[in-house]
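Colleague: The following block contains the structure, expressed as structure tokens.
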Amino acid sequence: MKITSTRRLFLAGTGVVGSAAALAACGQQSAEEQASQAAEENSSAAEDAAALPSTAWERLDYDQVPDGGSLKLAVSQLPNNWNYNHADGLLADLSDIRGPLGAGAEITYSESGEKTLNTDYIAKAELTSEDPQTVSFSYNPKGVWDDGSPIVVEDLISQWKANSGENEDYQIGSTVGWDQIKSITQTDDEYTGEIVFSDPFIDWITVVHPDVPKKVSESAKAWNESYVSTPTPSKGPFTVDSVDTTGGVVNLKRNDKWWGRAPKLETITFSVVDQTTQPQSFANGEIDILDIANGDVLSQAKTRSDAEIQSTNGLTWTHLTMNVKGADGKLEDVKVREAIARAIDRDAIGRAVVGPLEAPIQLVDNFVYMPGQDGYEDSFGGLKYDAEAAGKLLDEAGWALDGDKRKKDGKTFDLSIIIPADTKSNSDRARQVQTNLNAVGLNVELQTVPSDAYFDDYINPKTFDMVTFSWVGSQFPESSSVNLVYPLDSQQNYTNFADDRLGDLDKQIKAAFDLDERHKVANEISKVIAESFVLIPFYATPNIVGVKKGVVNTGASQFENTDWTQVGLKA
């Protein structure tokens, strides 16, 4: 599910942990009992997840898809920087636009999440040594950027140097994987190369093919400034034909330099449409696909006679993020943060937001894996709504009830939740949190801000007490899960908190080629994050999408990625 301007894409996971009492109780179990309990929990979660499919779009073989036609899609804003690797480029809307341009297409994901190489881009890639970890690869020599220049190893070398984090002049969104590379060298020719890692990296396939050509990454000035309003070059079946910044319209056309099979669609148009008006735009036939985030939007989508509603499980999960430096330092006390976690009725939040979507409510209790996913365990040991327990924790922290308000040293416990305007699901979550926390004596206010300022002016500079938005999970969750709260300056860490234990665990998980070991370390990471209570996970958000009838091979999906050469309009 897309949350446009109210959430950012990231490479990370999920997290949890219970109180000291809950952890102690867990510690009394044998290893076999713990493993059995984890398996039982995951089996139950898998049963809940099975209520929805993994892919729900209408399939049609490539040869049966008619040639031509245009697809009309919506975004909530144009990107602040078209360089997706830049700190300002990690926007879900930009990810949507870049899909038809070839972004992420190097790897094909099946309905079940199985990964295979897309030979349009990578002819071969294999692990040739584990010590040191070495990867040999070769590109499809037909591959070119949309200006006609070949996609070569030099492009990858340049991007690695930009993304590695070694040059602080480059403003980067994530260093994951890139900072573990020791060297990249060209071997037989400009299309073949070898990567040697300084530290093991399980998801090495994610750093084998360049996302941008050398001209984008060869200097910090080009990286930071040259693509603020200019799209980075395409390497996919479509390319950007025009950008109307005034009208908020991006037009894509067939890429005449594309070397793969020809796309069926002739054009794709992305128009900036405010979230509050997207449902009506869909109902009126002005856009062809609508991401559905709440019951009101679902009701509006159902009014369109030539459309269908598709529902699948999703990788998106919602949460409450606490800034430990917010609320005049009141949130620095872990007992206070745990009290907040235990005072929140997560089931009520799920009923308010997911219930009207006519989909099952799945609470999330892990920072790496989604419910039902292999390896999933409850990191909290049971995070239940318990206002009485929350009150006792606040008492222990020195915040005693004085009437219906909690005070300490004569001051009330005041804090705020910032919410983006015109985003109902975010507002619904925040109001339920406000109700629950006010009931235990905290004084919680809601502060509504413009949607386009939500991240830029509040979340990114960490000028908030609490926020609730959504994270979009990754196809490679283990190697990136730590970024939510470590290191302190991680572009995804908005908490102003970092646990040093995560540094070593991060190295361990990236070296865990054995699946069982990977699951073990992943759950250790999740529990450490959970112990901090800086992130309180809520529920997994299903993908619910309104799709114009006749649109084939794209729509609602959990794992499977869209092949933009095969998307079309059925006759």
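Labels used: A, B, ... for chains in the order of the structure tokens, numbers from 1 for residues in each chain, and numbers from 1 for ligands as shown.
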Please produce, as CSV, a per-residue contact table for stretch 59-163 of chain A versus stretch 312-324 of chain A (criterion: any atom at most 12 Å away, only C-alpha atoms considered), showing the nearest atom pair and its distance in Å to one decimal, sorted by chain then residue number.
Modeller:
```
residue,atom,partner,partner_atom,distance
A:Ala92,CA,A:Thr316,CA,11.7
A:Glu111,CA,A:Thr312,CA,10.9
A:Ser112,CA,A:Asn313,CA,11.4
A:Gly113,CA,A:Leu315,CA,11.4
```
Colleague: Considering only C-alpha atoms, tabulate each residue of stretch 151-251 of chain A that lies at most 9 Å from stretch 544-565 of chain A along with its nearest interatomic pair and the corresponding distance in Å to one decimal; arrange the rows by chain and ascending residue number and present them as a Markdown table.
Modeller:
```
| residue | atom | partner | partner_atom | distance |
| --- | --- | --- | --- | --- |
| A:Gly236 | CA | A:Trp564 | CA | 8.5 |
| A:Pro237 | CA | A:Thr565 | CA | 6.5 |
| A:Phe238 | CA | A:Trp564 | CA | 8.4 |
```
Colleague: Go ahead and write the selection's residues with all heavy atoms as a compact mmCIF listing (two decimals), in the first residue's frame.
Modeller:
```
# COMPACT_ATOMS: atom_id res chain seq x y z
N GLY A 236 15.19 1.55 -18.57
CA GLY A 236 14.06 0.65 -18.69
C GLY A 236 13.28 0.83 -19.97
O GLY A 236 13.69 1.58 -20.86
N PRO A 237 12.13 0.20 -20.08
CA PRO A 237 11.33 0.27 -21.30
C PRO A 237 10.68 1.63 -21.55
O PRO A 237 10.24 1.90 -22.67
CB PRO A 237 10.27 -0.81 -21.09
CG PRO A 237 10.18 -0.99 -19.62
CD PRO A 237 11.56 -0.74 -19.09
N PHE A 238 10.64 2.47 -20.53
CA PHE A 238 10.09 3.82 -20.70
C PHE A 238 11.13 4.85 -20.28
O PHE A 238 12.07 4.56 -19.53
CB PHE A 238 8.82 4.00 -19.86
CG PHE A 238 7.65 3.21 -20.36
CD1 PHE A 238 7.45 1.89 -19.94
CD2 PHE A 238 6.74 3.77 -21.25
CE1 PHE A 238 6.38 1.15 -20.41
CE2 PHE A 238 5.66 3.02 -21.72
CZ PHE A 238 5.48 1.71 -21.30
```
Colleague: Determine, counting only C-alpha atoms, which protein, DNA and RNA residues have an atom within 9 Å of an atom of A:Thr119; residues of the same chain fewer than 2 positions away are not included. Present the result as a ChimeraX atom specification.
Modeller: /A:106-107,117,121-124,139-140
Colleague: Generate a file of the selected residues that holds all heavy atoms, formatted as a compact mmCIF listing (two decimals), in the first residue's frame.
Modeller:
```txt
# COMPACT_ATOMS: atom_id res chain seq x y z
N GLU A 106 16.46 -5.18 -12.17
CA GLU A 106 17.56 -6.14 -12.35
C GLU A 106 17.24 -7.48 -11.72
O GLU A 106 17.80 -8.52 -12.08
CB GLU A 106 18.85 -5.61 -11.74
CG GLU A 106 19.20 -4.19 -12.12
CD GLU A 106 18.58 -3.16 -11.17
OE1 GLU A 106 17.73 -3.56 -10.33
OE2 GLU A 106 18.93 -1.98 -11.27
N ILE A 107 16.35 -7.47 -10.73
CA ILE A 107 15.94 -8.69 -10.03
C ILE A 107 14.45 -8.86 -10.21
O ILE A 107 13.67 -7.91 -10.03
CB ILE A 107 16.29 -8.61 -8.53
CG1 ILE A 107 17.77 -8.29 -8.34
CG2 ILE A 107 15.95 -9.92 -7.84
CD1 ILE A 107 18.13 -7.97 -6.91
N LEU A 117 17.61 -13.40 -11.45
CA LEU A 117 18.23 -12.32 -12.20
C LEU A 117 17.44 -12.02 -13.47
O LEU A 117 16.95 -12.94 -14.13
CB LEU A 117 19.66 -12.69 -12.59
CG LEU A 117 20.68 -12.82 -11.47
CD1 LEU A 117 22.02 -13.26 -12.05
CD2 LEU A 117 20.84 -11.51 -10.72
N TYR A 121 19.43 -7.22 -17.91
CA TYR A 121 20.42 -6.38 -17.25
C TYR A 121 21.69 -7.15 -16.87
O TYR A 121 22.80 -6.70 -17.15
CB TYR A 121 19.81 -5.75 -16.00
CG TYR A 121 18.64 -4.85 -16.27
CD1 TYR A 121 17.34 -5.33 -16.22
CD2 TYR A 121 18.84 -3.51 -16.62
CE1 TYR A 121 16.26 -4.49 -16.48
CE2 TYR A 121 17.76 -2.67 -16.87
CZ TYR A 121 16.47 -3.17 -16.80
OH TYR A 121 15.41 -2.34 -17.07
N ILE A 122 21.52 -8.25 -16.16
CA ILE A 122 22.67 -8.99 -15.63
C ILE A 122 22.71 -10.36 -16.29
O ILE A 122 21.83 -11.20 -16.10
CB ILE A 122 22.56 -9.15 -14.10
CG1 ILE A 122 22.43 -7.78 -13.43
CG2 ILE A 122 23.79 -9.89 -13.56
CD1 ILE A 122 22.18 -7.86 -11.93
N ALA A 123 23.75 -10.59 -17.10
CA ALA A 123 23.89 -11.87 -17.79
C ALA A 123 24.29 -12.97 -16.82
O ALA A 123 23.84 -14.11 -16.92
CB ALA A 123 24.92 -11.76 -18.91
N LYS A 124 25.13 -12.60 -15.83
CA LYS A 124 25.61 -13.59 -14.87
C LYS A 124 26.11 -12.88 -13.63
O LYS A 124 26.69 -11.80 -13.70
CB LYS A 124 26.75 -14.42 -15.47
CG LYS A 124 27.26 -15.52 -14.56
CD LYS A 124 28.44 -16.27 -15.19
CE LYS A 124 29.68 -15.39 -15.25
NZ LYS A 124 30.87 -16.14 -15.72
N TYR A 139 27.41 -7.92 -17.39
CA TYR A 139 26.19 -7.23 -17.81
C TYR A 139 25.79 -7.68 -19.21
O TYR A 139 26.62 -8.12 -20.02
CB TYR A 139 26.40 -5.72 -17.82
CG TYR A 139 26.70 -5.10 -16.49
CD1 TYR A 139 27.40 -3.90 -16.40
CD2 TYR A 139 26.28 -5.69 -15.30
CE1 TYR A 139 27.68 -3.31 -15.17
CE2 TYR A 139 26.55 -5.12 -14.07
CZ TYR A 139 27.26 -3.93 -14.02
OH TYR A 139 27.53 -3.36 -12.81
N ASN A 140 24.51 -7.51 -19.51
CA ASN A 140 24.05 -7.69 -20.88
C ASN A 140 24.67 -6.56 -21.71
O ASN A 140 24.40 -5.38 -21.46
CB ASN A 140 22.52 -7.59 -20.91
CG ASN A 140 21.94 -7.87 -22.28
OD1 ASN A 140 22.58 -7.67 -23.30
ND2 ASN A 140 20.69 -8.31 -22.30
```
Colleague: I need the helix (DSSP H, G or I) residues of stretch 332-538 of chain A per DSSP on the backbone, written as a PyMOL selection string.
Modeller: chain A and resi 332+334-343+346-353+355-357+387-396+424-439+451-459+478-484+501-510+515-532
Colleague: Considering only C-alpha atoms, state which residue in the set A:Val250, A:Ala348, A:Leu515, A:Val208 is at the smallest distance from A:Asp374.
Modeller: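 The answer is A:Leu515, which sits nearest to A:Asp374.
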Colleague: A:Ser76, A:Asn366, A:Ser271, A:Asn83: which is nearest A:Leu383, counting only C-alpha atoms?
Modeller: A:Asn366
Colleague: Would you list, as a PyMOL selection string, the residues of stretch 131-201 of chain A that end up in strand (DSSP E or B) under DSSP run on this structure's backbone?
Modeller: chain A and resi 133-139+144+150+172+181-186+192-197
Colleague: Considering only C-alpha atoms, can you say which of A:Ala220, A:Ala512, A:Leu290, A:Val482 comes closest to A:Lys527?
Modeller: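 The closest residue to A:Lys527 is A:Val482.
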